[in-house]
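Trainee: If you scroll down you'll find the structure; I have some questions about it.
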Amino acid sequence: MLKLLQAVCFLFVFSAGAQQAYTELKNEKEFHFLAGKPLNSNLGSVESIKVVYDLEKGNCYFINSKRYKFHYEFCSVYLMDQTSLERFNRINYGTTPERTYLLGNINYDQAADLYFMDLSVFDKMPEESIIRLYKQVKGKAYFGNKLRFLLNTERLLGLETALKKAISVLKPSELYENKTFQCVSPGKCTGRLRFEPNLDSLRDQTPFQPEDILVTKGTPKYVPNVAAILLEEFQTPLSHLSVLGVNRKIPIAVDKKLLRDTAFTKLNGQWVTIELTETRVWYKLSDPKFRNSDNQKLQSLKADTSCRELVALADFGKFGPHALGNKASNFGLMSKVQEVGRFKAPEAAFAIPFYFYVKHAATARIRTLTAQLEHYKTIPDDSLRNLLNTLRSEIRQLTLDPQLIREIKERLVQSGFTTFRFRSSTNAEDASGFSGAGLYESKTVDLSDPGKTIEKAMLKVWASLWSYEAFMERRFFHLSDEHLAMGILVHRSFPQEEANGVLITKNIYREGYGGMTINVQIGDVSVVDPPEGVSCDQLVIVHELEESGFNRTVEYIRNSSLTQGTVLSEDEVKRLEFAVNAIVDYFWDKGMRNKKLFSFDLVLDIEFKFQGENRELYIKQVRYFNE
């Protein structure tokens with residue numbers, strides 16, 4: 001009876017979907033018929049089909065990927081494989097000799113005319129099987145001679161030398177050589193196109209409007225308050241521009257072809273509606289759509305000025321973010337788990353609380369200037385910039401308390417280090433709902449350099465509270481300046497960085513998978529504000545929890561343009577992951593005990609360094625990642 005039912009089921013499936021798979025691909029039309037979207041978004045704008053090679057029968061199937069999202073669905077329904085999902089995954093992605101199928105994906109990047117095969121990042125398919133699957137596909141597809149195999153995991157990169165003797169391989173960075181599109185932040189809006197090729201040169205002179213759809217080149221350090229941003233250079237996913245764009249929830253994309261299309265460039269100054277998806281930019285002419293005046297009430301900040309002394313690291317928790325600022329407070333929490341997490345927090349750390357800034361800025365002149373900012377909507381943009389410049393100048397020109405300078409210098413000298421970072425720690429950054437990435441300044445103090453004094457560093461950090469960019473970002477998020485205050489986090493600097501990077505505790509490319517996304521670069525070359533044309537290592541630690549147990553792998557999206565191989569070793573990636581997991585566990589525990597302080601949907605943005613010849617791991621900063 002069971003065999004009869006199976007036979008009936010087979011006839012139904014075959015007749016209802018006879019073209020749910022091909023045993024060979026004769027032309028591009030057949031490829032497009034079968035193709036769907038890849039499961040992971042890091043491959044960019046590609047079409048993808050799944051392939052199954054039946055080891056027992058010797059048959060190769062190119063699957064209708066619009067119909068079957070997973071290989072298991074096809075094998076279960078079309079091939080009538082009765083294996084459970086748990087067993088299917090265990091034997092067909094592992095190293096067991098019971099493996100029934102070789103499973104892969106064939107991707108086509110039309111812009112680069114590139115066909116490449118990849119495996120599940122969890123697949124432990126041995127070298128000889130990879131070659132076998134590659135040759136089966138190559139022999140049965142019209143694009144066979146163009147086919148390449150993607151080395152996108154630590155394991156596969158380790159097999160590069162052996163594999164390229166038999167097949168054509170593709171490294172992650174090569175995927176980007178001919179790409180023309182990258183979606184940084186999807187979305188839809190209506191606004192007026194505005195082409196400004198050199199944005200940074202305009203930061204102190206040209207006003208931008210909230211309805212502007214900005215089109216620019218490079219990686220701008222200045223990110224004005226606009227409706228959307230289109231760029232011509234690929235962006236690091238965790239750069240300041242990317243983080244601010246995601247936090248603001250505005251559309252941002254790179255589209256090299258569109259920005260060189262004369263039909264599009266002729267629309268400069270006109271109103272359009274644009275929609276940025278994961279694969280392209282859609283646009284059309286639109287009627288002007290002016291925004292209504294924003295009368296939303298400003299949100300008050302909290303500042304505690306009762307702490308009137310320098311605060312040692314051990315006491316950060318005693319005073320908290322309302323006295324020391326969010327950066328210092330998060331630093332204090334992170335430092336508590338450095339022993340458990342087997343990492344180091346930067347040494348010689350202490351905090352200069354809000355009290356000293358508030359006392360320094362408590363002059364009639366500064367109060368008058370800040371009072372004028374309450375009516376900023378009625379002030380012309382150039383006048384607003386001049387007002388903020390004047391305010392910063394007033395802060396820098398005031399004399400610092402000499403007793404405070406003596407106390408700070410004494411701490412620095414006693415630490416045994418000679419160079420230090422003085423970092424902004426306000427109540428308007430690094431918070432849930434408001435990132436403030438890159439808005440305020442940090443400065444270096446060098447005890448042996450008369451040009452890098454404590455006084456200069458403190459005054460510049462304090463004054464950066466009133467930069468035009470910071471002021472407008474706070475207004476974008478409806479934050480009041482009434483109790484705005486700047487603390488300073490101090491710790492030793494890092495003159496011997498071997499690698500530096502930033503990560504978020506989320507897999508941004510694969511929905512439903514855990515893990516963390518990492519951007520890392522050699523030396524002290526910036527990841528969050530990279531030089532033009534420079535790319536960093538981009539990798540993802542991918543976690544998958546299934547019935548068969550916990551799976552973990554490392555997927556490489558792109559490699560650094562400044563080095564051969566990977567920036568971090570496999571062991572260093574594991575050390576970093578261990579440290580971050582300890583931090584996440586601690587922050588989660590704090591959130592469980594204080595619901596007002598932390599969100600249960602916890603995603604952290606973490607900066608790290610590998611320092612010195614021994615490549616010691618330091619965690620420099622922890623803050624919320626706001627989506």
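Please note that chains go A, B, ... in the order of the structure tokens, that every chain numbers its residues from 1, and that ligands are numbered from 1 in the order shown.
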Counting only C-alpha atoms, what is within 9 Å of Gly332 in chain A, bar same-chain residues fewer than 3 positions away, as a ChimeraX atom specification?
Mentor: /A:313-317,320,327-329,335-336
Trainee: Quick one: residues within 10 Å of Phe31 in chain A, only C-alpha atoms, excluding same-chain residues fewer than 4 positions away - as an mmCIF file with C-alpha atoms, in the first residue's frame?
Mentor:
```
data_model
loop_
_atom_site.group_PDB
_atom_site.id
_atom_site.type_symbol
_atom_site.label_atom_id
_atom_site.label_comp_id
_atom_site.auth_asym_id
_atom_site.auth_seq_id
_atom_site.Cartn_x
_atom_site.Cartn_y
_atom_site.Cartn_z
ATOM 1 C CA TYR A 22 16.398 20.046 -15.290
ATOM 2 C CA GLU A 24 21.102 19.874 -17.758
ATOM 3 C CA LEU A 25 21.023 23.562 -18.608
ATOM 4 C CA LYS A 26 21.129 24.281 -22.337
ATOM 5 C CA ASN A 27 20.806 28.062 -22.385
ATOM 6 C CA ALA A 35 16.500 31.064 -10.807
ATOM 7 C CA GLY A 36 15.423 32.751 -7.583
ATOM 8 C CA GLU A 47 20.224 35.134 -9.566
ATOM 9 C CA SER A 48 20.626 31.742 -7.953
ATOM 10 C CA ILE A 49 19.558 28.154 -8.558
ATOM 11 C CA PHE A 62 19.151 21.912 -11.475
ATOM 12 C CA ILE A 63 16.237 22.913 -9.256
ATOM 13 C CA ASN A 64 13.433 25.414 -9.744
ATOM 14 C CA ILE A 106 24.857 28.254 -8.894
ATOM 15 C CA ASN A 107 24.831 32.057 -8.958
ATOM 16 C CA TYR A 108 24.870 34.444 -11.897
ATOM 17 C CA ALA A 141 25.576 23.553 -18.160
ATOM 18 C CA TYR A 142 25.966 25.924 -21.105
#
```
Trainee: Got a sec: who's within 12 Å of Lys266 in chain A, counting only C-alpha atoms, leaving out chain neighbours fewer than 4 positions off, as a list in words?
Mentor: Leu193, Arg194, Phe195, Leu258, Leu259, Arg260, Asp261, Thr262, Gln270, Trp271 and Leu285 of chain A
Trainee: Pull N, CA, C and O atoms from the residues just selected and write them as a CSV table (one decimal), in the first residue's frame.
Mentor:
```csv
chain,number,residue,atom,x,y,z
A,193,LEU,N,16.3,65.6,-6.2
A,193,LEU,CA,17.7,65.2,-6.5
A,193,LEU,C,18.7,66.3,-6.3
A,193,LEU,O,18.4,67.4,-6.9
A,194,ARG,N,19.8,66.0,-5.7
A,194,ARG,CA,20.8,67.0,-5.5
A,194,ARG,C,22.2,66.4,-5.7
A,194,ARG,O,22.6,65.6,-4.9
A,195,PHE,N,22.9,66.7,-6.8
A,195,PHE,CA,24.2,66.1,-7.1
A,195,PHE,C,25.3,67.0,-6.4
A,195,PHE,O,25.4,68.2,-6.8
A,258,LEU,N,23.9,53.7,-12.4
A,258,LEU,CA,22.8,54.7,-12.3
A,258,LEU,C,23.4,56.1,-12.3
A,258,LEU,O,23.0,57.0,-13.0
A,259,LEU,N,24.5,56.3,-11.5
A,259,LEU,CA,25.1,57.6,-11.3
A,259,LEU,C,25.9,58.0,-12.5
A,259,LEU,O,26.3,59.2,-12.6
A,260,ARG,N,26.1,57.1,-13.5
A,260,ARG,CA,26.7,57.5,-14.8
A,260,ARG,C,25.7,57.5,-15.9
A,260,ARG,O,26.1,57.7,-17.1
A,261,ASP,N,24.5,57.3,-15.6
A,261,ASP,CA,23.4,57.3,-16.6
A,261,ASP,C,23.0,58.7,-16.9
A,261,ASP,O,22.4,59.3,-16.0
A,262,THR,N,23.1,59.2,-18.1
A,262,THR,CA,22.8,60.6,-18.4
A,262,THR,C,21.3,60.8,-18.2
A,262,THR,O,20.9,62.0,-17.9
A,270,GLN,N,15.4,68.0,-9.8
A,270,GLN,CA,13.9,67.7,-10.0
A,270,GLN,C,13.5,66.7,-8.9
A,270,GLN,O,14.3,66.1,-8.2
A,271,TRP,N,12.2,66.7,-8.7
A,271,TRP,CA,11.5,65.9,-7.7
A,271,TRP,C,11.3,64.5,-8.2
A,271,TRP,O,10.8,64.3,-9.3
A,285,LEU,N,9.8,60.3,-11.9
A,285,LEU,CA,9.5,61.7,-11.6
A,285,LEU,C,8.3,61.8,-10.7
A,285,LEU,O,7.4,61.0,-10.8
```
Trainee: Could you check which of A:Tyr509, A:Asp585, A:Asp449, A:Phe578 is closest to Pro237 in chain A, using only C-alpha atoms?
Mentor: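 Using only C-alpha atoms, the shortest distance to Pro237 in chain A belongs to A:Tyr509.
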Trainee: If we count only C-alpha atoms, what is near Pro224 in chain A at a cut-off of 10 Å, once residues fewer than 5 positions away on the same chain are taken out, given as a list in words?
Mentor: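 Final neighbour list, sorted by chain and number: Leu199, Arg203, Pro207, Phe208, Gln209, Pro210, Asp212, Leu214, Ile229, Tyr468, Glu469, Ala470, Met472 and Glu473 of chain A.
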Trainee: Save the residues we just selected, N, CA, C and O atoms, as an mmCIF file, in the first residue's frame?
Mentor:
```cif
data_model
loop_
_atom_site.group_PDB
_atom_site.id
_atom_site.type_symbol
_atom_site.label_atom_id
_atom_site.label_comp_id
_atom_site.auth_asym_id
_atom_site.auth_seq_id
_atom_site.Cartn_x
_atom_site.Cartn_y
_atom_site.Cartn_z
ATOM 1 N N LEU A 199 31.190 66.124 -1.209
ATOM 2 C CA LEU A 199 30.333 66.549 -0.109
ATOM 3 C C LEU A 199 31.121 67.167 1.038
ATOM 4 O O LEU A 199 30.717 68.179 1.618
ATOM 5 N N ARG A 203 30.758 71.056 3.817
ATOM 6 C CA ARG A 203 30.160 70.888 5.141
ATOM 7 C C ARG A 203 30.014 72.201 5.915
ATOM 8 O O ARG A 203 29.157 72.311 6.802
ATOM 9 N N PRO A 207 23.873 74.694 2.797
ATOM 10 C CA PRO A 207 22.790 74.064 3.556
ATOM 11 C C PRO A 207 22.144 72.920 2.779
ATOM 12 O O PRO A 207 22.007 72.975 1.558
ATOM 13 N N PHE A 208 21.775 71.892 3.491
ATOM 14 C CA PHE A 208 21.013 70.788 2.919
ATOM 15 C C PHE A 208 19.638 70.763 3.567
ATOM 16 O O PHE A 208 19.468 71.131 4.724
ATOM 17 N N GLN A 209 18.670 70.306 2.775
ATOM 18 C CA GLN A 209 17.295 70.283 3.250
ATOM 19 C C GLN A 209 16.840 68.846 3.484
ATOM 20 O O GLN A 209 17.320 67.920 2.822
ATOM 21 N N PRO A 210 15.895 68.649 4.398
ATOM 22 C CA PRO A 210 15.408 67.291 4.677
ATOM 23 C C PRO A 210 14.790 66.604 3.460
ATOM 24 O O PRO A 210 14.712 65.380 3.430
ATOM 25 N N ASP A 212 16.087 66.772 0.404
ATOM 26 C CA ASP A 212 17.123 66.490 -0.590
ATOM 27 C C ASP A 212 17.402 64.991 -0.686
ATOM 28 O O ASP A 212 17.529 64.305 0.338
ATOM 29 N N LEU A 214 20.409 63.143 -1.816
ATOM 30 C CA LEU A 214 21.792 63.509 -2.071
ATOM 31 C C LEU A 214 22.490 62.450 -2.928
ATOM 32 O O LEU A 214 22.431 61.256 -2.631
ATOM 33 N N ILE A 229 20.465 58.935 0.364
ATOM 34 C CA ILE A 229 21.814 59.161 -0.149
ATOM 35 C C ILE A 229 22.142 58.086 -1.178
ATOM 36 O O ILE A 229 21.976 56.889 -0.911
ATOM 37 N N TYR A 468 28.003 71.556 13.957
ATOM 38 C CA TYR A 468 26.769 71.645 13.168
ATOM 39 C C TYR A 468 26.161 70.256 12.963
ATOM 40 O O TYR A 468 24.945 70.074 13.111
ATOM 41 N N GLU A 469 27.015 69.280 12.630
ATOM 42 C CA GLU A 469 26.522 67.921 12.372
ATOM 43 C C GLU A 469 25.870 67.325 13.615
ATOM 44 O O GLU A 469 24.802 66.712 13.536
ATOM 45 N N ALA A 470 26.520 67.503 14.776
ATOM 46 C CA ALA A 470 25.978 66.952 16.011
ATOM 47 C C ALA A 470 24.657 67.620 16.380
ATOM 48 O O ALA A 470 23.689 66.959 16.789
ATOM 49 N N MET A 472 22.454 69.118 14.362
ATOM 50 C CA MET A 472 21.378 68.732 13.460
ATOM 51 C C MET A 472 20.955 67.273 13.660
ATOM 52 O O MET A 472 19.775 66.936 13.508
ATOM 53 N N GLU A 473 21.910 66.416 14.014
ATOM 54 C CA GLU A 473 21.553 65.018 14.274
ATOM 55 C C GLU A 473 20.669 64.907 15.507
ATOM 56 O O GLU A 473 19.712 64.134 15.534
#
```
Trainee: Can you tell me, as a ChimeraX atom specification, what residues are no more than 12 Å from Phe122 in chain A when counting only C-alpha atoms, ignoring any on the same chain fewer than 2 positions away?
Mentor: /A:89-90,92-95,103-104,118-120,124-125,152-156,513,541-546,550-555
Trainee: Work out how far apart CA of Gln338 in chain A and CA of Ala579 in chain A are and give it in Å to one decimal.
Mentor: 7.6 Å
Trainee: If you count only C-alpha atoms, which residues fall within 10 Å of Lys506 in chain A, apart from same-chain ones fewer than 5 positions away, as a ChimeraX atom specification?
Mentor: /A:511,513-518,540-543,602-605,625
Trainee: I'd like the interatomic distance between CA of Gln299 in chain A and CA of Arg475 in chain A, to a tenth of an Å.
Mentor: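 Calculated distance between CA of Gln299 in chain A and CA of Arg475 in chain A is 9.7 Å.
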Trainee: Got a sec to tell me which of range 35-164 of chain A DSSP assigns to strand (DSSP E or B), as a VMD selection string?
Mentor: chain A and resid 36 47 to 54 59 to 63 101 to 109 114 to 118 141 148 to 150 153
Trainee: Give me the residues near Asn40 in chain A as a list of chain:residue names, where near means some atom within 10 Å (using only C-alpha atoms) and where sequence neighbours in that chain fewer than 3 positions away do not count.
Mentor: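 Counting only C-alpha atoms, the residues come to A:Lys37, A:Leu43, A:Gly44, A:Ile508, A:Tyr509, A:Arg510, A:Glu511.
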Trainee: Can you write out the residues you just picked, keeping N, CA, C and O atoms, as a tab-separated table (two decimals), in the first residue's frame?
Mentor:
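In the end it all went to part_18.tsv:
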```tsv
chain	number	residue	atom	x	y	z
A	37	LYS	N	16.13	34.11	-5.71
A	37	LYS	CA	17.07	34.91	-4.94
A	37	LYS	C	17.88	33.99	-4.03
A	37	LYS	O	17.37	33.00	-3.51
A	43	LEU	N	25.71	38.19	-1.29
A	43	LEU	CA	26.16	37.96	-2.66
A	43	LEU	C	25.76	39.09	-3.59
A	43	LEU	O	26.20	39.15	-4.73
A	44	GLY	N	24.91	39.99	-3.09
A	44	GLY	CA	24.52	41.13	-3.89
A	44	GLY	C	23.44	40.80	-4.89
A	44	GLY	O	22.62	39.89	-4.71
A	508	ILE	N	23.90	40.13	9.75
A	508	ILE	CA	23.08	41.07	8.99
A	508	ILE	C	22.73	40.54	7.60
A	508	ILE	O	21.97	41.17	6.88
A	509	TYR	N	23.30	39.38	7.21
A	509	TYR	CA	23.11	38.89	5.85
A	509	TYR	C	22.15	37.71	5.75
A	509	TYR	O	21.63	37.44	4.67
A	510	ARG	N	21.94	36.97	6.84
A	510	ARG	CA	21.12	35.76	6.78
A	510	ARG	C	20.01	35.82	7.80
A	510	ARG	O	20.24	35.69	9.01
A	511	GLU	N	18.81	36.03	7.33
A	511	GLU	CA	17.66	36.10	8.22
A	511	GLU	C	17.43	34.75	8.89
A	511	GLU	O	17.45	33.70	8.24
```
Trainee: Taking the backbone alone, and naming residues the way the document does, which bits of range 418-575 of chain A are helix (DSSP H, G or I) by DSSP, as JSON, numbers by chain?
Mentor: {"A": [454, 455, 456, 457, 458, 459, 460, 461, 462, 463, 464, 465, 466, 468, 469, 470, 471, 472, 473, 474, 475, 476, 570, 571, 572, 573, 574, 575]}
Trainee: Identify which of the residues A:Asp529, A:Asp537, A:Glu482, A:Glu577 lies closest to Gly341 in chain A, counting only C-alpha atoms when measuring atom-to-atom distances.
Mentor: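 Closest candidate: A:Glu577.
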Trainee: Using only C-alpha atoms, what table do you get, as a tab-separated table, when you list each residue of range 286-327 of chain A with an atom no more than 12 Å from range 489-495 of chain A, its nearest pair of atoms, and their distance in Å rounded to one decimal, rows by chain then rising number?
Mentor:
```
residue	atom	partner	partner_atom	distance
A:Leu310	CA	A:Leu489	CA	10.3
A:Val311	CA	A:Leu489	CA	9.7
A:Ala312	CA	A:Val490	CA	10.1
A:Leu313	CA	A:Leu489	CA	9.7
A:Phe316	CA	A:Leu489	CA	10.4
A:Pro321	CA	A:Leu489	CA	11.6
A:Ala323	CA	A:Leu489	CA	11.8
A:Leu324	CA	A:Leu489	CA	8.1
A:Gly325	CA	A:Leu489	CA	8.6
A:Asn326	CA	A:Leu489	CA	9.9
A:Lys327	CA	A:Leu489	CA	7.3
```
Trainee: Write out, as a PDB file, in the first residue's frame, the residues just selected, with all heavy atoms.
Mentor:
```pdb
ATOM      1  N   LEU A 310      37.385  63.384  39.583  1.00  0.00           N
ATOM      2  CA  LEU A 310      37.719  62.379  38.590  1.00  0.00           C
ATOM      3  C   LEU A 310      37.307  61.004  39.110  1.00  0.00           C
ATOM      4  O   LEU A 310      37.428  60.723  40.305  1.00  0.00           O
ATOM      5  CB  LEU A 310      39.213  62.412  38.291  1.00  0.00           C
ATOM      6  CG  LEU A 310      39.786  63.746  37.791  1.00  0.00           C
ATOM      7  CD1 LEU A 310      41.287  63.620  37.560  1.00  0.00           C
ATOM      8  CD2 LEU A 310      39.082  64.187  36.516  1.00  0.00           C
ATOM      9  N   VAL A 311      36.823  60.165  38.205  1.00  0.00           N
ATOM     10  CA  VAL A 311      36.244  58.882  38.622  1.00  0.00           C
ATOM     11  C   VAL A 311      37.109  57.729  38.124  1.00  0.00           C
ATOM     12  O   VAL A 311      37.349  57.598  36.912  1.00  0.00           O
ATOM     13  CB  VAL A 311      34.803  58.720  38.087  1.00  0.00           C
ATOM     14  CG1 VAL A 311      34.220  57.382  38.525  1.00  0.00           C
ATOM     15  CG2 VAL A 311      33.928  59.869  38.571  1.00  0.00           C
ATOM     16  N   ALA A 312      37.576  56.899  39.037  1.00  0.00           N
ATOM     17  CA  ALA A 312      38.353  55.713  38.679  1.00  0.00           C
ATOM     18  C   ALA A 312      37.452  54.688  38.012  1.00  0.00           C
ATOM     19  O   ALA A 312      36.233  54.647  38.249  1.00  0.00           O
ATOM     20  CB  ALA A 312      38.996  55.118  39.926  1.00  0.00           C
ATOM     21  N   LEU A 313      38.056  53.837  37.193  1.00  0.00           N
ATOM     22  CA  LEU A 313      37.293  52.831  36.454  1.00  0.00           C
ATOM     23  C   LEU A 313      36.422  51.982  37.375  1.00  0.00           C
ATOM     24  O   LEU A 313      35.272  51.682  37.051  1.00  0.00           O
ATOM     25  CB  LEU A 313      38.249  51.941  35.665  1.00  0.00           C
ATOM     26  CG  LEU A 313      37.630  50.760  34.900  1.00  0.00           C
ATOM     27  CD1 LEU A 313      36.615  51.255  33.873  1.00  0.00           C
ATOM     28  CD2 LEU A 313      38.720  49.948  34.215  1.00  0.00           C
ATOM     29  N   PHE A 316      32.957  53.529  37.984  1.00  0.00           N
ATOM     30  CA  PHE A 316      32.071  53.961  36.895  1.00  0.00           C
ATOM     31  C   PHE A 316      30.625  53.558  37.174  1.00  0.00           C
ATOM     32  O   PHE A 316      29.689  54.321  36.922  1.00  0.00           O
ATOM     33  CB  PHE A 316      32.525  53.352  35.567  1.00  0.00           C
ATOM     34  CG  PHE A 316      33.670  54.072  34.898  1.00  0.00           C
ATOM     35  CD1 PHE A 316      34.479  54.945  35.608  1.00  0.00           C
ATOM     36  CD2 PHE A 316      33.951  53.872  33.555  1.00  0.00           C
ATOM     37  CE1 PHE A 316      35.545  55.607  35.004  1.00  0.00           C
ATOM     38  CE2 PHE A 316      35.006  54.525  32.924  1.00  0.00           C
ATOM     39  CZ  PHE A 316      35.799  55.391  33.657  1.00  0.00           C
ATOM     40  N   PRO A 321      25.623  56.533  33.620  1.00  0.00           N
ATOM     41  CA  PRO A 321      25.613  57.345  32.401  1.00  0.00           C
ATOM     42  C   PRO A 321      25.159  58.779  32.605  1.00  0.00           C
ATOM     43  O   PRO A 321      25.559  59.661  31.844  1.00  0.00           O
ATOM     44  CB  PRO A 321      24.650  56.588  31.481  1.00  0.00           C
ATOM     45  CG  PRO A 321      23.763  55.816  32.407  1.00  0.00           C
ATOM     46  CD  PRO A 321      24.646  55.425  33.557  1.00  0.00           C
ATOM     47  N   ALA A 323      25.977  60.797  34.880  1.00  0.00           N
ATOM     48  CA  ALA A 323      27.062  61.630  35.397  1.00  0.00           C
ATOM     49  C   ALA A 323      28.320  61.547  34.542  1.00  0.00           C
ATOM     50  O   ALA A 323      29.080  62.513  34.460  1.00  0.00           O
ATOM     51  CB  ALA A 323      27.401  61.221  36.831  1.00  0.00           C
ATOM     52  N   LEU A 324      28.522  60.392  33.883  1.00  0.00           N
ATOM     53  CA  LEU A 324      29.763  60.162  33.139  1.00  0.00           C
ATOM     54  C   LEU A 324      29.556  60.105  31.634  1.00  0.00           C
ATOM     55  O   LEU A 324      30.522  60.190  30.876  1.00  0.00           O
ATOM     56  CB  LEU A 324      30.419  58.851  33.591  1.00  0.00           C
ATOM     57  CG  LEU A 324      30.647  58.657  35.091  1.00  0.00           C
ATOM     58  CD1 LEU A 324      31.333  57.323  35.342  1.00  0.00           C
ATOM     59  CD2 LEU A 324      31.466  59.795  35.672  1.00  0.00           C
ATOM     60  N   GLY A 325      28.319  59.943  31.180  1.00  0.00           N
ATOM     61  CA  GLY A 325      28.037  59.770  29.754  1.00  0.00           C
ATOM     62  C   GLY A 325      27.931  58.301  29.395  1.00  0.00           C
ATOM     63  O   GLY A 325      28.429  57.419  30.098  1.00  0.00           O
ATOM     64  N   ASN A 326      27.283  58.048  28.278  1.00  0.00           N
ATOM     65  CA  ASN A 326      27.001  56.667  27.883  1.00  0.00           C
ATOM     66  C   ASN A 326      28.264  55.885  27.510  1.00  0.00           C
ATOM     67  O   ASN A 326      28.371  54.694  27.795  1.00  0.00           O
ATOM     68  CB  ASN A 326      26.025  56.654  26.707  1.00  0.00           C
ATOM     69  CG  ASN A 326      24.664  57.186  27.101  1.00  0.00           C
ATOM     70  OD1 ASN A 326      24.129  56.873  28.154  1.00  0.00           O
ATOM     71  ND2 ASN A 326      24.099  58.034  26.253  1.00  0.00           N
ATOM     72  N   LYS A 327      29.213  56.535  26.858  1.00  0.00           N
ATOM     73  CA  LYS A 327      30.421  55.814  26.428  1.00  0.00           C
ATOM     74  C   LYS A 327      31.206  55.315  27.639  1.00  0.00           C
ATOM     75  O   LYS A 327      31.634  54.155  27.675  1.00  0.00           O
ATOM     76  CB  LYS A 327      31.284  56.709  25.566  1.00  0.00           C
ATOM     77  CG  LYS A 327      32.474  55.986  24.927  1.00  0.00           C
ATOM     78  CD  LYS A 327      33.215  56.888  23.956  1.00  0.00           C
ATOM     79  CE  LYS A 327      32.347  57.191  22.761  1.00  0.00           C
ATOM     80  NZ  LYS A 327      32.952  58.155  21.820  1.00  0.00           N
TER      81      LYS A 327
END
```
Trainee: Using CA of Val584 in chain A and CA of Thr505 in chain A as the two end points, give the distance in Å to one decimal.
Mentor: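 CA of Thr505 in chain A lies at a distance of 8.1 Å from CA of Val584 in chain A.
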Trainee: Here is a test: counting only C-alpha atoms, which residue of A:Ile557, A:Met80, A:Cys189, A:Val413 is nearest to Tyr176 in chain A?
Mentor: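 That would be A:Ile557, the residue with the smallest distance to Tyr176 in chain A.
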